[in-house]
Amino acid sequence: MDTDNARFILDPATPDVHADNVRLREAGALIPVEVEGVRAWAATRYETLAAVLTHPDLSRDISHWDPAARAAAPPDTAVTRLAADTSMLNAEGAKHHRLRAPVSKSFTPRRVQELRPRIAAFAAAQLDRLAAMPPGPVDLRLEYAYPIPRDVISELMGVPESIREELHELTDVAARVGDTPDDVTEARRQLYKLVDEMIELRRATPGEDLITDLIAASEHDGDDRLTRSEVRDTVELLFIAGHVTTVNLITNATRVMLTHPEQLALVRSREMPWSAVVEETMRWDSPIAHFPMRYAVRDLEIDGVRVRKGEAVIGCFASAGRDPDRYGERAQRFDVTEPTPTHLSFGHGPHFCLGAPLARLEGEVALAALFEAFPDIRPADRDDAWRPLGTVLGNSTRTLPVILGRRAG
């Protein structure tokens, strides 16, 4: 790239990702950026991002990244860790299908809907715990938005009871809930070691769960057989990445309801469903800010911009969700009364989020239960209330302090 003078910095410490995104979109649909020391093109608008996500000449396979650019990338950042991930996240073609197939049946809309009673039970248990807390501000991200998807994915995957407490302590840090450090590298290393232990425990005591299914897929003969390392990578992806974005979704949706009382009134009166809140939140305040990366397998052109072979492209999902070219005058406005047009926050094309039906259901159930249980809930008056996550990947706040008020009934 020869556009260094116009290069934008995607800053993990930005206080306002949406203000940054306005400037990104104004600069162009595909613009040069630097993110954690990596130089890339950023797809800032809806149509451009949709094109990037399905372009036949852009691949998630890191082997297509220019070797010099890859060597110059700082090691062990959020971006480079994700780029080096060897799970289905970055696989393409037949390999992607082979890795995705063993788990896809567990995430169909029908199978997910069967989980509704269990999700409701998890939510009810957390609400009971909240009601028993002493009066005063409660961090709803830590105490409610986080434990529900964590417990759901733990049960779905078959995480052994003997290691759940330690696993959850480590994911507290990895998911950035509570007072976590900016550098979560060591916690992630320990978490990955624990994943290995989790697989071996389930190998010795199989059950009716996803980890057992993946182990079985590694022990039969055939072209679709998974290797042991592929089982590990898939378990890591499903457990760690599979619930963190849902934490952001529930946090963001709760915050927007608390700050848009007229919208909350419409849902409480049943004029609008909670599913509309989930979809509008996914568009307006996407749980994902920026997501790496795709690499040009040959020279190509998108929106009049030439991308050379080996160059990287990053997707700006939170920016695309507020693109006025796509959403018109309502782009910057949260409004559940207007049908939400298609958004890209779950991805697009072959890599569309496997867990989208589960995330949607968890969001609906958690939000409905919370606002029914605590009708007087309101934001707490704290200076750190909206402190952002401090990562280029996720879009949410580190804490969500609220005053719960009385419990209904």
# chains A, B, ... in the order shown; residues from 1 in each chain; ligands from 1
>>> select_by_dssp(residues="segment 145-235 of chain A", states="alpha helix (DSSP H)", output="JSON list (two decimals) with N, CA and C atoms, in the first residue's frame")
[["chain", "number", "residue", "atom", "x", "y", "z"],
["A", 147, "PRO", "N", -23.08, -14.43, 32.79],
["A", 147, "PRO", "CA", -23.25, -15.83, 33.23],
["A", 147, "PRO", "C", -24.27, -16.63, 32.43],
["A", 148, "ILE", "N", -25.27, -15.99, 31.85],
["A", 148, "ILE", "CA", -26.29, -16.75, 31.12],
["A", 148, "ILE", "C", -25.69, -17.44, 29.88],
["A", 149, "PRO", "N", -25.10, -16.70, 28.93],
["A", 149, "PRO", "CA", -24.50, -17.40, 27.78],
["A", 149, "PRO", "C", -23.35, -18.31, 28.15],
["A", 150, "ARG", "N", -22.61, -17.95, 29.21],
["A", 150, "ARG", "CA", -21.52, -18.82, 29.67],
["A", 150, "ARG", "C", -22.07, -20.16, 30.13],
["A", 151, "ASP", "N", -23.15, -20.14, 30.92],
["A", 151, "ASP", "CA", -23.71, -21.38, 31.44],
["A", 151, "ASP", "C", -24.40, -22.19, 30.34],
["A", 152, "VAL", "N", -25.03, -21.50, 29.39],
["A", 152, "VAL", "CA", -25.69, -22.19, 28.29],
["A", 152, "VAL", "C", -24.67, -22.95, 27.45],
["A", 153, "ILE", "N", -23.58, -22.29, 27.06],
["A", 153, "ILE", "CA", -22.60, -22.95, 26.22],
["A", 153, "ILE", "C", -21.88, -24.05, 26.99],
["A", 154, "SER", "N", -21.70, -23.86, 28.30],
["A", 154, "SER", "CA", -21.06, -24.91, 29.12],
["A", 154, "SER", "C", -21.90, -26.18, 29.10],
["A", 155, "GLU", "N", -23.21, -26.03, 29.24],
["A", 155, "GLU", "CA", -24.08, -27.20, 29.24],
["A", 155, "GLU", "C", -24.18, -27.81, 27.85],
["A", 156, "LEU", "N", -24.32, -26.98, 26.83],
["A", 156, "LEU", "CA", -24.46, -27.48, 25.47],
["A", 156, "LEU", "C", -23.22, -28.27, 25.05],
["A", 157, "MET", "N", -22.06, -27.81, 25.47],
["A", 157, "MET", "CA", -20.82, -28.47, 25.06],
["A", 157, "MET", "C", -20.46, -29.64, 25.96],
["A", 161, "GLU", "N", -18.31, -30.79, 35.23],
["A", 161, "GLU", "CA", -18.57, -29.99, 36.42],
["A", 161, "GLU", "C", -17.28, -29.72, 37.21],
["A", 162, "SER", "N", -16.35, -30.66, 37.17],
["A", 162, "SER", "CA", -15.15, -30.55, 38.00],
["A", 162, "SER", "C", -14.26, -29.38, 37.61],
["A", 163, "ILE", "N", -14.38, -28.87, 36.39],
["A", 163, "ILE", "CA", -13.50, -27.77, 35.98],
["A", 163, "ILE", "C", -14.28, -26.51, 35.64],
["A", 164, "ARG", "N", -15.60, -26.51, 35.83],
["A", 164, "ARG", "CA", -16.38, -25.34, 35.43],
["A", 164, "ARG", "C", -15.98, -24.08, 36.20],
["A", 165, "GLU", "N", -15.75, -24.21, 37.50],
["A", 165, "GLU", "CA", -15.42, -23.02, 38.30],
["A", 165, "GLU", "C", -14.14, -22.37, 37.79],
["A", 166, "GLU", "N", -13.10, -23.19, 37.60],
["A", 166, "GLU", "CA", -11.83, -22.64, 37.10],
["A", 166, "GLU", "C", -12.00, -22.09, 35.69],
["A", 167, "LEU", "N", -12.72, -22.81, 34.86],
["A", 167, "LEU", "CA", -12.94, -22.38, 33.49],
["A", 167, "LEU", "C", -13.66, -21.03, 33.46],
["A", 168, "HIS", "N", -14.66, -20.89, 34.30],
["A", 168, "HIS", "CA", -15.44, -19.65, 34.33],
["A", 168, "HIS", "C", -14.62, -18.48, 34.87],
["A", 169, "GLU", "N", -13.73, -18.74, 35.83],
["A", 169, "GLU", "CA", -12.87, -17.68, 36.34],
["A", 169, "GLU", "C", -11.96, -17.14, 35.23],
["A", 170, "LEU", "N", -11.43, -18.05, 34.42],
["A", 170, "LEU", "CA", -10.55, -17.62, 33.34],
["A", 170, "LEU", "C", -11.33, -16.91, 32.24],
["A", 171, "THR", "N", -12.53, -17.38, 31.95],
["A", 171, "THR", "CA", -13.30, -16.71, 30.90],
["A", 171, "THR", "C", -13.83, -15.36, 31.38],
["A", 172, "ASP", "N", -13.94, -15.15, 32.69],
["A", 172, "ASP", "CA", -14.27, -13.82, 33.20],
["A", 172, "ASP", "C", -13.28, -12.80, 32.65],
["A", 173, "VAL", "N", -12.00, -13.18, 32.67],
["A", 173, "VAL", "CA", -10.94, -12.28, 32.19],
["A", 173, "VAL", "C", -10.97, -12.20, 30.67],
["A", 174, "ALA", "N", -11.04, -13.34, 30.01],
["A", 174, "ALA", "CA", -11.02, -13.36, 28.55],
["A", 174, "ALA", "C", -12.21, -12.60, 27.96],
["A", 185, "THR", "N", -3.57, -11.84, 27.84],
["A", 185, "THR", "CA", -2.82, -12.90, 27.16],
["A", 185, "THR", "C", -2.60, -14.12, 28.05],
["A", 186, "GLU", "N", -2.16, -13.90, 29.29],
["A", 186, "GLU", "CA", -1.86, -15.03, 30.17],
["A", 186, "GLU", "C", -3.13, -15.81, 30.52],
["A", 187, "ALA", "N", -4.22, -15.10, 30.74],
["A", 187, "ALA", "CA", -5.48, -15.78, 31.03],
["A", 187, "ALA", "C", -5.90, -16.66, 29.86],
["A", 188, "ARG", "N", -5.71, -16.17, 28.64],
["A", 188, "ARG", "CA", -6.06, -16.97, 27.47],
["A", 188, "ARG", "C", -5.17, -18.20, 27.36],
["A", 189, "ARG", "N", -3.90, -18.07, 27.69],
["A", 189, "ARG", "CA", -3.01, -19.24, 27.64],
["A", 189, "ARG", "C", -3.47, -20.30, 28.63],
["A", 190, "GLN", "N", -3.80, -19.88, 29.83],
["A", 190, "GLN", "CA", -4.28, -20.83, 30.82],
["A", 190, "GLN", "C", -5.62, -21.45, 30.39],
["A", 191, "LEU", "N", -6.42, -20.64, 29.75],
["A", 191, "LEU", "CA", -7.73, -21.12, 29.29],
["A", 191, "LEU", "C", -7.55, -22.21, 28.24],
["A", 192, "TYR", "N", -6.63, -22.01, 27.33],
["A", 192, "TYR", "CA", -6.40, -23.01, 26.29],
["A", 192, "TYR", "C", -5.88, -24.33, 26.89],
["A", 193, "LYS", "N", -5.03, -24.23, 27.91],
["A", 193, "LYS", "CA", -4.56, -25.46, 28.57],
["A", 193, "LYS", "C", -5.72, -26.19, 29.23],
["A", 194, "LEU", "N", -6.63, -25.44, 29.81],
["A", 194, "LEU", "CA", -7.78, -26.05, 30.46],
["A", 194, "LEU", "C", -8.70, -26.71, 29.45],
["A", 195, "VAL", "N", -8.78, -26.14, 28.25],
["A", 195, "VAL", "CA", -9.59, -26.76, 27.19],
["A", 195, "VAL", "C", -9.07, -28.16, 26.88],
["A", 196, "ASP", "N", -7.76, -28.31, 26.83],
["A", 196, "ASP", "CA", -7.18, -29.65, 26.60],
["A", 196, "ASP", "C", -7.63, -30.63, 27.68],
["A", 197, "GLU", "N", -7.59, -30.16, 28.92],
["A", 197, "GLU", "CA", -8.01, -31.02, 30.03],
["A", 197, "GLU", "C", -9.50, -31.36, 29.91],
["A", 198, "MET", "N", -10.28, -30.39, 29.50],
["A", 198, "MET", "CA", -11.71, -30.58, 29.34],
["A", 198, "MET", "C", -12.01, -31.66, 28.30],
["A", 199, "ILE", "N", -11.29, -31.65, 27.20],
["A", 199, "ILE", "CA", -11.50, -32.64, 26.15],
["A", 199, "ILE", "C", -11.15, -34.04, 26.65],
["A", 200, "GLU", "N", -10.03, -34.16, 27.36],
["A", 200, "GLU", "CA", -9.61, -35.47, 27.85],
["A", 200, "GLU", "C", -10.58, -36.01, 28.89],
["A", 201, "LEU", "N", -11.12, -35.13, 29.72],
["A", 201, "LEU", "CA", -12.12, -35.57, 30.69],
["A", 201, "LEU", "C", -13.37, -36.10, 29.99],
["A", 202, "ARG", "N", -13.79, -35.41, 28.94],
["A", 202, "ARG", "CA", -14.98, -35.86, 28.22],
["A", 202, "ARG", "C", -14.68, -37.10, 27.38],
["A", 203, "ARG", "N", -13.44, -37.25, 26.94],
["A", 203, "ARG", "CA", -13.07, -38.45, 26.21],
["A", 203, "ARG", "C", -13.21, -39.69, 27.11],
["A", 204, "ALA", "N", -12.87, -39.52, 28.39],
["A", 204, "ALA", "CA", -12.96, -40.63, 29.34],
["A", 204, "ALA", "C", -14.40, -40.87, 29.80],
["A", 210, "LEU", "N", -21.71, -31.58, 22.73],
["A", 210, "LEU", "CA", -20.93, -31.22, 21.54],
["A", 210, "LEU", "C", -19.49, -31.73, 21.62],
["A", 211, "ILE", "N", -18.87, -31.68, 22.78],
["A", 211, "ILE", "CA", -17.49, -32.16, 22.87],
["A", 211, "ILE", "C", -17.44, -33.65, 22.55],
["A", 212, "THR", "N", -18.37, -34.42, 23.05],
["A", 212, "THR", "CA", -18.42, -35.85, 22.74],
["A", 212, "THR", "C", -18.62, -36.07, 21.25],
["A", 213, "ASP", "N", -19.49, -35.27, 20.63],
["A", 213, "ASP", "CA", -19.71, -35.38, 19.18],
["A", 213, "ASP", "C", -18.42, -35.11, 18.41],
["A", 214, "LEU", "N", -17.67, -34.11, 18.84],
["A", 214, "LEU", "CA", -16.42, -33.77, 18.16],
["A", 214, "LEU", "C", -15.38, -34.87, 18.35],
["A", 215, "ILE", "N", -15.31, -35.43, 19.54],
["A", 215, "ILE", "CA", -14.38, -36.54, 19.78],
["A", 215, "ILE", "C", -14.74, -37.72, 18.89],
["A", 216, "ALA", "N", -16.04, -38.01, 18.78],
["A", 216, "ALA", "CA", -16.48, -39.11, 17.92],
["A", 216, "ALA", "C", -16.09, -38.85, 16.47],
["A", 217, "ALA", "N", -16.16, -37.58, 16.05],
["A", 217, "ALA", "CA", -15.79, -37.23, 14.67],
["A", 217, "ALA", "C", -14.30, -37.39, 14.42],
["A", 228, "ARG", "N", -7.02, -34.55, 16.14],
["A", 228, "ARG", "CA", -7.11, -34.13, 17.55],
["A", 228, "ARG", "C", -6.94, -32.62, 17.68],
["A", 229, "SER", "N", -6.02, -32.05, 16.92],
["A", 229, "SER", "CA", -5.82, -30.60, 17.00],
["A", 229, "SER", "C", -7.05, -29.85, 16.48],
["A", 230, "GLU", "N", -7.73, -30.41, 15.50],
["A", 230, "GLU", "CA", -8.95, -29.77, 15.00],
["A", 230, "GLU", "C", -10.08, -29.82, 16.02],
["A", 231, "VAL", "N", -10.14, -30.92, 16.78],
["A", 231, "VAL", "CA", -11.12, -30.99, 17.87],
["A", 231, "VAL", "C", -10.84, -29.90, 18.89],
["A", 232, "ARG", "N", -9.59, -29.77, 19.27],
["A", 232, "ARG", "CA", -9.20, -28.74, 20.25],
["A", 232, "ARG", "C", -9.54, -27.35, 19.74],
["A", 233, "ASP", "N", -9.18, -27.07, 18.50],
["A", 233, "ASP", "CA", -9.44, -25.74, 17.94],
["A", 233, "ASP", "C", -10.93, -25.43, 17.89],
["A", 234, "THR", "N", -11.72, -26.45, 17.55],
["A", 234, "THR", "CA", -13.17, -26.25, 17.46],
["A", 234, "THR", "C", -13.77, -26.01, 18.84],
["A", 235, "VAL", "N", -13.32, -26.77, 19.83],
["A", 235, "VAL", "CA", -13.82, -26.56, 21.19],
["A", 235, "VAL", "C", -13.47, -25.16, 21.69]]
>>> residues_around(residues="Val277 of chain A", least_positions_apart="6", cutoff="10 Å", atoms="only C-alpha atoms", output="list in words")
Ala253, Thr254, Val256, Met257, Gln263, Leu264, Val267, Arg283, Phe334, Asp335, Val336, Thr337, Thr340, Gly363, Glu364 and Leu367 of chain A
>>> residues_around(residues="segment 291-298 of chain A", least_positions_apart="6", cutoff="9 Å", atoms="only C-alpha atoms", output="number ranges by chain")
A: 40, 52-53, 56-66, 79-80, 82-83, 90, 307-317, 392-394
>>> select_by_dssp(residues="segment 242-378 of chain A", states="strand (DSSP E)", output="NGL selection string")
:A and (290-296 or 300-302 or 305-307 or 312-316 or 378)
>>> write_last_selection(atoms="all heavy atoms", output="compact mmCIF listing (two decimals), in the first residue's frame")
# COMPACT_ATOMS: atom_id res chain seq x y z
N HIS A 290 -14.69 -4.49 14.83
CA HIS A 290 -13.91 -4.80 13.63
C HIS A 290 -13.50 -6.27 13.70
O HIS A 290 -13.20 -6.78 14.77
CB HIS A 290 -12.65 -3.93 13.55
CG HIS A 290 -12.91 -2.48 13.79
ND1 HIS A 290 -13.59 -1.69 12.89
CD2 HIS A 290 -12.59 -1.67 14.84
CE1 HIS A 290 -13.67 -0.46 13.37
NE2 HIS A 290 -13.07 -0.42 14.54
N PHE A 291 -13.45 -6.92 12.54
CA PHE A 291 -13.10 -8.34 12.56
C PHE A 291 -12.14 -8.66 11.44
O PHE A 291 -12.41 -8.40 10.27
CB PHE A 291 -14.37 -9.20 12.41
CG PHE A 291 -14.20 -10.59 12.96
CD1 PHE A 291 -14.28 -10.83 14.32
CD2 PHE A 291 -13.95 -11.66 12.11
CE1 PHE A 291 -14.13 -12.11 14.84
CE2 PHE A 291 -13.79 -12.94 12.60
CZ PHE A 291 -13.88 -13.17 13.97
N PRO A 292 -10.96 -9.23 11.77
CA PRO A 292 -9.97 -9.61 10.76
C PRO A 292 -10.22 -11.04 10.32
O PRO A 292 -10.96 -11.77 11.01
CB PRO A 292 -8.66 -9.49 11.54
CG PRO A 292 -9.03 -9.83 12.95
CD PRO A 292 -10.44 -9.33 13.14
N MET A 293 -9.46 -11.46 9.34
CA MET A 293 -9.07 -10.71 8.16
C MET A 293 -9.32 -11.58 6.96
O MET A 293 -9.41 -12.81 7.06
CB MET A 293 -7.59 -10.31 8.22
CG MET A 293 -7.38 -9.05 9.08
SD MET A 293 -5.69 -8.43 9.12
CE MET A 293 -4.77 -9.82 9.76
N ARG A 294 -9.41 -10.98 5.82
CA ARG A 294 -9.44 -11.70 4.56
C ARG A 294 -8.29 -11.20 3.71
O ARG A 294 -7.91 -10.03 3.80
CB ARG A 294 -10.79 -11.49 3.84
CG ARG A 294 -11.90 -12.35 4.45
CD ARG A 294 -13.28 -11.92 3.98
NE ARG A 294 -14.28 -12.91 4.36
CZ ARG A 294 -14.81 -13.04 5.57
NH1 ARG A 294 -14.41 -12.23 6.54
NH2 ARG A 294 -15.71 -13.97 5.83
N TYR A 295 -7.75 -12.09 2.85
CA TYR A 295 -6.56 -11.78 2.08
C TYR A 295 -6.84 -11.96 0.59
O TYR A 295 -7.51 -12.92 0.19
CB TYR A 295 -5.39 -12.68 2.51
CG TYR A 295 -5.26 -12.79 4.00
CD1 TYR A 295 -5.82 -13.88 4.69
CD2 TYR A 295 -4.61 -11.81 4.75
CE1 TYR A 295 -5.73 -13.98 6.06
CE2 TYR A 295 -4.52 -11.91 6.13
CZ TYR A 295 -5.08 -13.00 6.78
OH TYR A 295 -5.00 -13.09 8.14
N ALA A 296 -6.32 -11.05 -0.19
CA ALA A 296 -6.51 -11.11 -1.63
C ALA A 296 -5.67 -12.25 -2.21
O ALA A 296 -4.44 -12.26 -2.04
CB ALA A 296 -6.13 -9.79 -2.28
N LEU A 300 -7.27 -7.49 -7.20
CA LEU A 300 -8.70 -7.31 -7.44
C LEU A 300 -9.08 -5.86 -7.19
O LEU A 300 -8.28 -5.06 -6.70
CB LEU A 300 -9.51 -8.25 -6.54
CG LEU A 300 -9.28 -8.15 -5.02
CD1 LEU A 300 -10.35 -7.26 -4.38
CD2 LEU A 300 -9.29 -9.52 -4.38
N GLU A 301 -10.33 -5.54 -7.51
CA GLU A 301 -10.82 -4.18 -7.32
C GLU A 301 -12.19 -4.23 -6.66
O GLU A 301 -13.06 -4.99 -7.06
CB GLU A 301 -10.90 -3.44 -8.65
CG GLU A 301 -11.27 -1.97 -8.51
CD GLU A 301 -11.21 -1.22 -9.83
OE1 GLU A 301 -10.10 -1.10 -10.40
OE2 GLU A 301 -12.28 -0.76 -10.30
N ILE A 302 -12.36 -3.41 -5.60
CA ILE A 302 -13.63 -3.28 -4.91
C ILE A 302 -13.95 -1.81 -4.77
O ILE A 302 -13.13 -1.04 -4.24
CB ILE A 302 -13.60 -3.95 -3.52
CG1 ILE A 302 -13.33 -5.45 -3.64
CG2 ILE A 302 -14.91 -3.71 -2.77
CD1 ILE A 302 -13.20 -6.16 -2.30
N VAL A 305 -11.31 0.63 -5.70
CA VAL A 305 -10.04 0.57 -4.98
C VAL A 305 -9.32 -0.72 -5.36
O VAL A 305 -9.90 -1.82 -5.31
CB VAL A 305 -10.25 0.60 -3.46
CG1 VAL A 305 -8.93 0.45 -2.72
CG2 VAL A 305 -10.93 1.91 -3.04
N ARG A 306 -8.05 -0.59 -5.73
CA ARG A 306 -7.28 -1.77 -6.10
C ARG A 306 -6.66 -2.39 -4.86
O ARG A 306 -5.94 -1.73 -4.11
CB ARG A 306 -6.17 -1.38 -7.10
CG ARG A 306 -5.42 -2.62 -7.63
CD ARG A 306 -4.28 -2.22 -8.53
NE ARG A 306 -3.57 -3.37 -9.05
CZ ARG A 306 -2.38 -3.32 -9.64
NH1 ARG A 306 -1.76 -2.14 -9.78
NH2 ARG A 306 -1.80 -4.41 -10.10
N VAL A 307 -6.94 -3.66 -4.66
CA VAL A 307 -6.35 -4.44 -3.57
C VAL A 307 -5.39 -5.44 -4.20
O VAL A 307 -5.80 -6.25 -5.04
CB VAL A 307 -7.42 -5.17 -2.75
CG1 VAL A 307 -6.78 -5.99 -1.63
CG2 VAL A 307 -8.44 -4.18 -2.18
N ALA A 312 -4.35 -7.50 3.18
CA ALA A 312 -5.39 -7.91 4.12
C ALA A 312 -6.55 -6.91 4.11
O ALA A 312 -6.35 -5.71 3.89
CB ALA A 312 -4.81 -8.00 5.53
N VAL A 313 -7.74 -7.42 4.37
CA VAL A 313 -8.94 -6.60 4.47
C VAL A 313 -9.64 -6.93 5.79
O VAL A 313 -9.83 -8.10 6.11
CB VAL A 313 -9.90 -6.85 3.29
CG1 VAL A 313 -11.13 -5.94 3.40
CG2 VAL A 313 -9.20 -6.64 1.95
N ILE A 314 -10.02 -5.90 6.52
CA ILE A 314 -10.71 -6.07 7.78
C ILE A 314 -12.13 -5.53 7.65
O ILE A 314 -12.36 -4.54 6.95
CB ILE A 314 -9.94 -5.37 8.92
CG1 ILE A 314 -10.49 -5.76 10.29
CG2 ILE A 314 -9.94 -3.86 8.76
CD1 ILE A 314 -9.61 -5.33 11.45
N GLY A 315 -13.08 -6.17 8.31
CA GLY A 315 -14.47 -5.76 8.22
C GLY A 315 -14.85 -4.87 9.39
O GLY A 315 -14.57 -5.21 10.55
N CYS A 316 -15.51 -3.76 9.13
CA CYS A 316 -15.96 -2.82 10.16
C CYS A 316 -17.47 -3.02 10.36
O CYS A 316 -18.29 -2.33 9.75
CB CYS A 316 -15.63 -1.39 9.77
SG CYS A 316 -13.87 -1.10 9.48
N ARG A 378 -32.88 1.03 36.49
CA ARG A 378 -32.40 2.28 35.88
C ARG A 378 -30.87 2.30 35.92
O ARG A 378 -30.26 1.58 36.72
CB ARG A 378 -32.95 3.49 36.62
CG ARG A 378 -32.43 3.68 38.03
CD ARG A 378 -33.10 4.85 38.73
NE ARG A 378 -32.43 5.20 39.98
CZ ARG A 378 -32.65 4.61 41.14
NH1 ARG A 378 -33.54 3.62 41.22
NH2 ARG A 378 -32.00 5.00 42.22
>>> closest_residue(among="A:Pro32, A:Gly390, A:Pro102, A:Pro15", to="Arg225 of chain A", atoms="only C-alpha atoms")
A:Pro102
>>> residues_around(residues="Leu24 of chain A", least_positions_apart="2", cutoff="10 Å", atoms="only C-alpha atoms", output="JSON, numbers by chain")
{"A": [8, 9, 10, 18, 19, 20, 21, 22, 26, 27, 28, 29, 30, 31, 32, 33, 42, 43, 44, 45, 316, 319]}
>>> atom_distance(atom1="atom CA of Glu114 of chain A", atom2="atom CA of Pro357 of chain A")
11.4 Å
>>> closest_residue(among="A:Leu266, A:Leu404, A:Gly321, A:Ala78", to="Leu140 of chain A", atoms="only C-alpha atoms")
A:Leu404
>>> residues_around(residues="Met282 of chain A", least_positions_apart="3", cutoff="8 Å", atoms="only C-alpha atoms", output="list in words")
Leu249, Val278, Glu279, Asp285, Ser286, Pro287, Gly321, His343 and Ser345 of chain A
>>> write_last_selection(atoms="all heavy atoms", output="short mmCIF file (atom, residue, chain, number, x, y, z; two decimals), in the first residue's frame")
data_model
loop_
_atom_site.label_atom_id
_atom_site.label_comp_id
_atom_site.auth_asym_id
_atom_site.auth_seq_id
_atom_site.Cartn_x
_atom_site.Cartn_y
_atom_site.Cartn_z
N LEU A 249 -23.99 -8.53 23.21
CA LEU A 249 -25.34 -8.29 22.73
C LEU A 249 -26.30 -7.97 23.88
O LEU A 249 -27.05 -6.98 23.82
CB LEU A 249 -25.85 -9.52 21.96
CG LEU A 249 -27.35 -9.58 21.65
CD1 LEU A 249 -27.78 -8.39 20.81
CD2 LEU A 249 -27.70 -10.90 20.97
N VAL A 278 -33.51 -7.21 19.81
CA VAL A 278 -32.27 -7.93 19.52
C VAL A 278 -31.76 -7.57 18.13
O VAL A 278 -30.57 -7.25 17.95
CB VAL A 278 -32.49 -9.45 19.64
CG1 VAL A 278 -31.30 -10.23 19.06
CG2 VAL A 278 -32.72 -9.84 21.09
N GLU A 279 -32.63 -7.60 17.13
CA GLU A 279 -32.18 -7.32 15.76
C GLU A 279 -31.73 -5.88 15.59
O GLU A 279 -30.72 -5.61 14.92
CB GLU A 279 -33.29 -7.64 14.76
CG GLU A 279 -33.62 -9.11 14.65
CD GLU A 279 -32.41 -9.98 14.37
OE1 GLU A 279 -31.64 -9.68 13.44
OE2 GLU A 279 -32.21 -10.97 15.11
N ASP A 285 -25.83 -1.25 17.34
CA ASP A 285 -24.72 -1.32 18.29
C ASP A 285 -24.11 -2.72 18.25
O ASP A 285 -24.12 -3.45 19.25
CB ASP A 285 -25.20 -0.97 19.70
CG ASP A 285 -24.09 -0.44 20.60
OD1 ASP A 285 -23.02 -0.10 20.08
OD2 ASP A 285 -24.31 -0.35 21.82
N SER A 286 -23.60 -3.09 17.11
CA SER A 286 -23.09 -4.44 16.86
C SER A 286 -22.12 -4.91 17.94
O SER A 286 -21.25 -4.15 18.37
CB SER A 286 -22.38 -4.48 15.50
OG SER A 286 -21.71 -5.71 15.33
N PRO A 287 -22.27 -6.15 18.41
CA PRO A 287 -21.31 -6.69 19.40
C PRO A 287 -19.88 -6.77 18.89
O PRO A 287 -18.95 -6.86 19.67
CB PRO A 287 -21.86 -8.09 19.70
CG PRO A 287 -23.30 -8.04 19.30
CD PRO A 287 -23.36 -7.11 18.14
N GLY A 321 -23.32 -1.13 10.27
CA GLY A 321 -24.65 -1.11 10.87
C GLY A 321 -25.28 0.26 10.94
O GLY A 321 -26.49 0.38 11.13
N HIS A 343 -28.94 -6.92 8.42
CA HIS A 343 -27.68 -6.43 8.94
C HIS A 343 -26.62 -7.51 8.75
O HIS A 343 -26.93 -8.65 8.39
CB HIS A 343 -27.80 -6.03 10.42
CG HIS A 343 -28.18 -7.16 11.33
ND1 HIS A 343 -27.31 -8.16 11.71
CD2 HIS A 343 -29.37 -7.48 11.93
CE1 HIS A 343 -27.91 -9.02 12.50
NE2 HIS A 343 -29.17 -8.64 12.65
N SER A 345 -24.14 -8.18 11.16
CA SER A 345 -23.43 -8.42 12.42
C SER A 345 -23.20 -9.88 12.73
O SER A 345 -22.35 -10.22 13.57
CB SER A 345 -24.18 -7.74 13.57
OG SER A 345 -24.11 -6.34 13.44
#
>>> residues_around(residues="Pro74 of chain A", least_positions_apart="2", cutoff="9 Å", atoms="only C-alpha atoms", output="PyMOL selection string")
chain A and resi 36-38+70-72+76-77+80
>>> residues_around(residues="Val17 of chain A", least_positions_apart="5", cutoff="9 Å", atoms="only C-alpha atoms", output="PyMOL selection string")
chain A and resi 11+22+289+318-319+388+395
>>> closest_residue(among="A:Ala265, A:Thr48, A:Ala366, A:Arg360", to="Gly304 of chain A", atoms="only C-alpha atoms")
A:Thr48
